[in-house]
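This report refers to the structure that appears directly beneath it.
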Amino acid sequence: MLLLNRFLLLFLLPLLLQLMSTNPSLRTITDPPTELGEPLPSSTPFALSVMIPTWQDNLAYEAGDADLLSRLQTGYPRFVFPPQVVELYDRLVKMHEGAESGMAFIARSYAQRCIAFLREHDHNESSLIELVMGRMPVFLVLFRQEAFKTAMSYIQYFGAVFSARAAEYCLCVLDNKSEEAEALLSQVPEDLVCTAKMTIRKRIASLVGHGVSMDDVYLYPCGMAAISDAHRLFTRIRPDGDQIKSVCFGFPYMDTLNVLRKGSPAGCHFYPGGSEKDIEDLASLLEGEKILSLFCEVPSNPLLKTPDLKRLRSLATKYDFMIAIDETIGNYCNVDVLPYADIIMTSLTKLFSGKCNAMGGCLILNPRGKHYRALQQHLSTSFEELLYGPDAIVLEQNSRDFCERSMKVNTNAELLCDYLIKHPKVSDVYYPKYICRDLYDCVRRSDRNSGYGGLLTIMLPNADQAAVFHDRLRCAKGPSLGTNFTLASPFCILARIDWAEEYGVSHHLVRVSVGLEDPQHLIRLFEEALAYV
């Protein structure tokens, strides 16, 4: 009975609470926690962000300070394992005598790729053990302690995350081997999981349009899993795919670049500016070199630039390469990029969910694309549906008001940017309304509810002023974006992109993901923080 009560608290109660309000205008955005290491949001056992309140805290995080890391109660799961996952990994490793360290995976393929990645980095002493935890298979990879950081990099780059909810289930199994423990999964019936996943796929297909059906929509445990699988797909459908370089166009989210550099022997070309000159340079390259694919973001993170998709599509047609577009920041409600892509990817963890309490990713095939049949055929034999069922249920319920929330966030962010760009203490504001606007408008949906999204980046004259502003800003501060609450971070520091400056991306920028709060309240918060600069 105690085990069943624990399950009801951890799984069913959050679902019931989500059903209580589907209208974003009725939600109350509570004040965020203020202490280092507290979960964001504070009201859920499956929080996906963590409060890192000061600039100095972020610098300590960037440096890997052991004391600071020990105070984080959770974090973004590709970088800091949730407490449930930490406990599960520790207990599984201790079950195997002589094992020093290890990580578990939800699929054999993820575990095998982890071992291959370790060996590529000269960690050859690893082993794979298949376990059955109730009705859930778990694949444990054991390795030497010195290989831990490399294994962590594999999860970070390729999105092979272990769901905190799945870990909670596995811990219940470890705690009690009775039939009652195995029956926990039956509390989330398989037909409910299937319905949730089908509903998500139909919802996304209807938003994207262009003849996309639910069969063209593939769900993943997180966004990076979808991005890495897109690249893997491209390398598989051409005989020489892993010998041809791809292109990373524009300054991207760093792990997309890592996937392209490390996901095949060929590596990639990097055009960080994403400018017209970069397109000209790319066109010159293509005169003498074949490329496999081009990856870009619409708009980019953190500078919110939009590339010239029409020109890129023209080059792709002429030189026969594939295009993959990450439209997480733009989102389905605001931008229409499928006509220019063979594949589009999205992190469903972000605004699609909004509540920062469930991870998911999505890959969508363009049914009118030249390579559609080849991509579809390969996915028909290689795709594994690995989005954990209870996470899918939460994502489905969270996303029911996705378009309403997107519209509210668009309005809030634009009003805030209109205020900030005129402020004398602000050097620059990066936002699609002001950056590459003509190119963004070319792909902006004609729907009157579309807008420029909820992400913006603020520049102050120097790092000291940026630190004062950041520390005085009374909002949630930590990793991730697309949350229903406003979330800020010194992005390049938090993401440990110490090489950003050489590509024209300032180390002291402040990235802000705008939430659903009252816009005048938000403006007051930023006004107060700027008063201290």
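Quick note on naming: the chains in the structure tokens go A, B, ... in the order shown, residues restart at 1 in each chain, and ligands are numbered from 1 in order of appearance.
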(request) List the neighbours of Phe139 (chain A) out to 6 Å using only C-alpha atoms; skip same-chain residues closer than 3 positions along the sequence, and give me the result as a count of residues only. (result) 5
So that I can check the surroundings of Tyr253 (chain A), please list as a PDB file with N, CA, C and O atoms, in the first residue's frame every protein, DNA and RNA residue that reaches within 9 Å of it, counting only C-alpha atoms and ignoring chain neighbours fewer than 4 positions away.
ATOM      1  N   LEU A 257      26.327  21.187 -33.010  1.00  0.00           N
ATOM      2  CA  LEU A 257      27.660  21.210 -33.611  1.00  0.00           C
ATOM      3  C   LEU A 257      28.459  19.983 -33.175  1.00  0.00           C
ATOM      4  O   LEU A 257      29.170  19.371 -33.990  1.00  0.00           O
ATOM      5  N   GLU A 297      19.243  26.482 -37.462  1.00  0.00           N
ATOM      6  CA  GLU A 297      18.166  26.771 -36.523  1.00  0.00           C
ATOM      7  C   GLU A 297      17.381  27.983 -37.000  1.00  0.00           C
ATOM      8  O   GLU A 297      17.949  28.891 -37.610  1.00  0.00           O
ATOM      9  N   SER A 300      18.277  31.215 -34.496  1.00  0.00           N
ATOM     10  CA  SER A 300      19.409  30.565 -33.843  1.00  0.00           C
ATOM     11  C   SER A 300      19.480  30.914 -32.359  1.00  0.00           C
ATOM     12  O   SER A 300      18.892  31.883 -31.895  1.00  0.00           O
ATOM     13  N   ASN A 301      20.231  30.094 -31.655  1.00  0.00           N
ATOM     14  CA  ASN A 301      20.403  30.238 -30.205  1.00  0.00           C
ATOM     15  C   ASN A 301      21.880  30.477 -29.901  1.00  0.00           C
ATOM     16  O   ASN A 301      22.702  29.621 -30.223  1.00  0.00           O
ATOM     17  N   PRO A 302      22.272  31.638 -29.355  1.00  0.00           N
ATOM     18  CA  PRO A 302      21.444  32.622 -28.646  1.00  0.00           C
ATOM     19  C   PRO A 302      21.221  33.948 -29.384  1.00  0.00           C
ATOM     20  O   PRO A 302      20.644  34.866 -28.810  1.00  0.00           O
TER      21      PRO A 302
END
(request) Go ahead and compute the interatomic distance for CA of Asn331 (chain A) and CA of Glu404 (chain A), in Å to one decimal. (result)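 Taking CA of Asn331 (chain A) as the start and CA of Glu404 (chain A) as the end point, the length is 12.6 Å.
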(request) Give me the residues within 10 Å of Ala107 (chain A) as a VMD selection string, counting only C-alpha atoms and dropping any in the same chain fewer than 3 places off. (result) chain A and resid 104 110 to 112 130 137 to 140 160 162 384 to 386
Same residues, C-alpha atoms, saved as a compact mmCIF listing (two decimals), in the first residue's frame:
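To be explicit, this is the file written out as again-v8.txt:
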# COMPACT_ATOMS: atom_id res chain seq x y z
CA ALA A 104 21.82 2.78 -17.64
CA TYR A 110 21.81 3.58 -26.90
CA ALA A 111 23.99 1.39 -24.69
CA GLN A 112 25.92 -0.03 -27.64
CA GLU A 130 20.86 -6.40 -19.72
CA PRO A 137 14.27 -3.70 -19.90
CA VAL A 138 17.28 -1.69 -18.74
CA PHE A 139 20.71 -1.76 -20.35
CA LEU A 140 23.54 -1.08 -17.94
CA ALA A 160 20.43 9.19 -24.66
CA PHE A 162 17.08 8.04 -18.89
CA GLU A 384 12.69 2.90 -31.93
CA GLU A 385 9.82 4.54 -30.04
CA LEU A 386 11.67 5.38 -26.81
(message) Need the shell around Ala283 (chain A): protein/DNA/RNA residues with any atom at most 12 Å away, counting only C-alpha atoms. Skip same-chain ones fewer than 2 positions apart. Format as a ChimeraX atom specification?
(response) /A:247,271,276-281,285-291,311-316,318-319
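Non-sequential neighbours of Asp215 (chain A) (distance at most 12 Å, separation of 4 or more positions within a chain, only C-alpha atoms) are A:Lys197, A:Met198, A:Thr199, A:Ile200, A:Arg201, A:Lys202, A:Arg203, A:Ile204, A:Ala205, A:Ser206, A:Gly211, A:Leu219, A:Leu363, A:Ile364, A:Leu365, A:Asn366, A:Pro367, A:Gln376, A:Leu379, A:Ser380.
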May I have the selected residues written with all heavy atoms, as a compact mmCIF listing (two decimals), in the first residue's frame?
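out_5.txt, freshly written:
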# COMPACT_ATOMS: atom_id res chain seq x y z
N LYS A 197 0.53 9.44 -27.20
CA LYS A 197 1.53 9.59 -28.26
C LYS A 197 0.87 9.90 -29.60
O LYS A 197 1.36 10.74 -30.38
CB LYS A 197 2.39 8.33 -28.35
CG LYS A 197 3.30 8.14 -27.14
CD LYS A 197 4.17 6.90 -27.28
CE LYS A 197 5.10 6.76 -26.09
NZ LYS A 197 5.97 5.55 -26.20
N MET A 198 -0.22 9.22 -29.89
CA MET A 198 -0.92 9.47 -31.13
C MET A 198 -1.47 10.90 -31.18
O MET A 198 -1.38 11.58 -32.20
CB MET A 198 -2.07 8.47 -31.30
CG MET A 198 -2.81 8.57 -32.64
SD MET A 198 -4.16 7.37 -32.77
CE MET A 198 -3.26 5.83 -32.59
N THR A 199 -1.98 11.36 -30.06
CA THR A 199 -2.53 12.71 -29.99
C THR A 199 -1.43 13.76 -30.21
O THR A 199 -1.64 14.74 -30.93
CB THR A 199 -3.21 12.95 -28.64
OG1 THR A 199 -4.25 11.98 -28.46
CG2 THR A 199 -3.80 14.35 -28.55
N ILE A 200 -0.26 13.54 -29.60
CA ILE A 200 0.87 14.46 -29.80
C ILE A 200 1.24 14.50 -31.27
O ILE A 200 1.42 15.59 -31.86
CB ILE A 200 2.07 14.03 -28.95
CG1 ILE A 200 1.80 14.24 -27.47
CG2 ILE A 200 3.32 14.82 -29.36
CD1 ILE A 200 2.86 13.65 -26.55
N ARG A 201 1.35 13.34 -31.91
CA ARG A 201 1.76 13.30 -33.31
C ARG A 201 0.73 13.97 -34.21
O ARG A 201 1.08 14.71 -35.13
CB ARG A 201 2.00 11.85 -33.72
CG ARG A 201 3.23 11.23 -33.04
CD ARG A 201 3.22 9.72 -33.12
NE ARG A 201 3.28 9.26 -34.50
CZ ARG A 201 2.82 8.08 -34.91
NH1 ARG A 201 2.25 7.26 -34.05
NH2 ARG A 201 2.94 7.74 -36.17
N LYS A 202 -0.55 13.73 -33.95
CA LYS A 202 -1.60 14.39 -34.73
C LYS A 202 -1.58 15.89 -34.51
O LYS A 202 -1.76 16.68 -35.45
CB LYS A 202 -2.97 13.82 -34.34
CG LYS A 202 -3.24 12.43 -34.88
CD LYS A 202 -4.64 11.97 -34.48
CE LYS A 202 -4.97 10.61 -35.06
NZ LYS A 202 -6.33 10.14 -34.64
N ARG A 203 -1.37 16.31 -33.27
CA ARG A 203 -1.35 17.74 -32.94
C ARG A 203 -0.22 18.43 -33.70
O ARG A 203 -0.40 19.50 -34.29
CB ARG A 203 -1.18 17.90 -31.42
CG ARG A 203 -1.23 19.33 -30.91
CD ARG A 203 -1.30 19.32 -29.38
NE ARG A 203 -2.53 18.70 -28.92
CZ ARG A 203 -2.68 18.08 -27.75
NH1 ARG A 203 -1.66 17.99 -26.92
NH2 ARG A 203 -3.84 17.55 -27.42
N ILE A 204 0.95 17.82 -33.69
CA ILE A 204 2.10 18.41 -34.38
C ILE A 204 1.86 18.43 -35.88
O ILE A 204 2.12 19.44 -36.55
CB ILE A 204 3.38 17.63 -34.02
CG1 ILE A 204 3.74 17.87 -32.55
CG2 ILE A 204 4.53 18.04 -34.93
CD1 ILE A 204 4.84 16.97 -32.03
N ALA A 205 1.36 17.33 -36.44
CA ALA A 205 1.12 17.26 -37.88
C ALA A 205 0.14 18.34 -38.33
O ALA A 205 0.34 18.98 -39.38
CB ALA A 205 0.59 15.88 -38.25
N SER A 206 -0.91 18.58 -37.54
CA SER A 206 -1.89 19.59 -37.93
C SER A 206 -1.30 20.99 -37.87
O SER A 206 -1.67 21.86 -38.68
CB SER A 206 -3.12 19.50 -37.02
OG SER A 206 -2.81 19.88 -35.69
N GLY A 211 0.68 18.69 -45.86
CA GLY A 211 0.46 17.28 -46.13
C GLY A 211 1.10 16.34 -45.14
O GLY A 211 1.10 15.12 -45.35
N LEU A 219 8.56 10.50 -32.42
CA LEU A 219 8.81 11.02 -31.08
C LEU A 219 10.08 10.41 -30.48
O LEU A 219 10.37 9.23 -30.70
CB LEU A 219 7.62 10.73 -30.17
CG LEU A 219 6.28 11.31 -30.62
CD1 LEU A 219 5.19 10.96 -29.61
CD2 LEU A 219 6.36 12.83 -30.81
N LEU A 363 10.95 14.50 -34.55
CA LEU A 363 11.52 14.58 -35.90
C LEU A 363 10.37 14.46 -36.89
O LEU A 363 9.52 13.58 -36.75
CB LEU A 363 12.55 13.46 -36.08
CG LEU A 363 13.29 13.32 -37.42
CD1 LEU A 363 14.64 12.62 -37.20
CD2 LEU A 363 12.49 12.53 -38.45
N ILE A 364 10.35 15.35 -37.88
CA ILE A 364 9.27 15.36 -38.86
C ILE A 364 9.86 15.28 -40.26
O ILE A 364 10.75 16.06 -40.62
CB ILE A 364 8.41 16.63 -38.75
CG1 ILE A 364 7.86 16.79 -37.34
CG2 ILE A 364 7.27 16.61 -39.76
CD1 ILE A 364 7.27 18.15 -37.06
N LEU A 365 9.36 14.33 -41.05
CA LEU A 365 9.78 14.22 -42.45
C LEU A 365 8.91 15.11 -43.33
O LEU A 365 7.70 15.23 -43.11
CB LEU A 365 9.64 12.78 -42.93
CG LEU A 365 10.47 11.70 -42.23
CD1 LEU A 365 10.25 10.36 -42.92
CD2 LEU A 365 11.95 12.06 -42.23
N ASN A 366 9.54 15.72 -44.33
CA ASN A 366 8.80 16.49 -45.32
C ASN A 366 8.28 15.52 -46.38
O ASN A 366 9.07 14.99 -47.17
CB ASN A 366 9.71 17.54 -45.96
CG ASN A 366 8.99 18.40 -46.98
OD1 ASN A 366 7.83 18.14 -47.33
ND2 ASN A 366 9.66 19.42 -47.48
N PRO A 367 6.96 15.27 -46.44
CA PRO A 367 6.44 14.29 -47.38
C PRO A 367 6.61 14.70 -48.84
O PRO A 367 6.44 13.87 -49.74
CB PRO A 367 4.95 14.19 -47.00
CG PRO A 367 4.64 15.48 -46.34
CD PRO A 367 5.90 15.90 -45.64
N GLN A 376 11.99 7.68 -45.05
CA GLN A 376 10.86 6.93 -44.47
C GLN A 376 11.16 5.44 -44.43
O GLN A 376 10.88 4.76 -43.43
CB GLN A 376 9.60 7.20 -45.29
CG GLN A 376 8.34 6.56 -44.74
CD GLN A 376 7.18 6.70 -45.69
OE1 GLN A 376 7.28 6.34 -46.86
NE2 GLN A 376 6.07 7.25 -45.21
N LEU A 379 13.64 4.69 -41.64
CA LEU A 379 12.99 4.80 -40.33
C LEU A 379 12.07 3.62 -40.06
O LEU A 379 11.89 3.20 -38.91
CB LEU A 379 12.22 6.11 -40.23
CG LEU A 379 13.05 7.36 -39.92
CD1 LEU A 379 12.24 8.62 -40.15
CD2 LEU A 379 13.57 7.32 -38.48
N SER A 380 11.47 3.07 -41.11
CA SER A 380 10.54 1.95 -40.93
C SER A 380 11.22 0.73 -40.34
O SER A 380 10.57 -0.11 -39.71
CB SER A 380 9.88 1.59 -42.26
OG SER A 380 10.82 0.99 -43.14
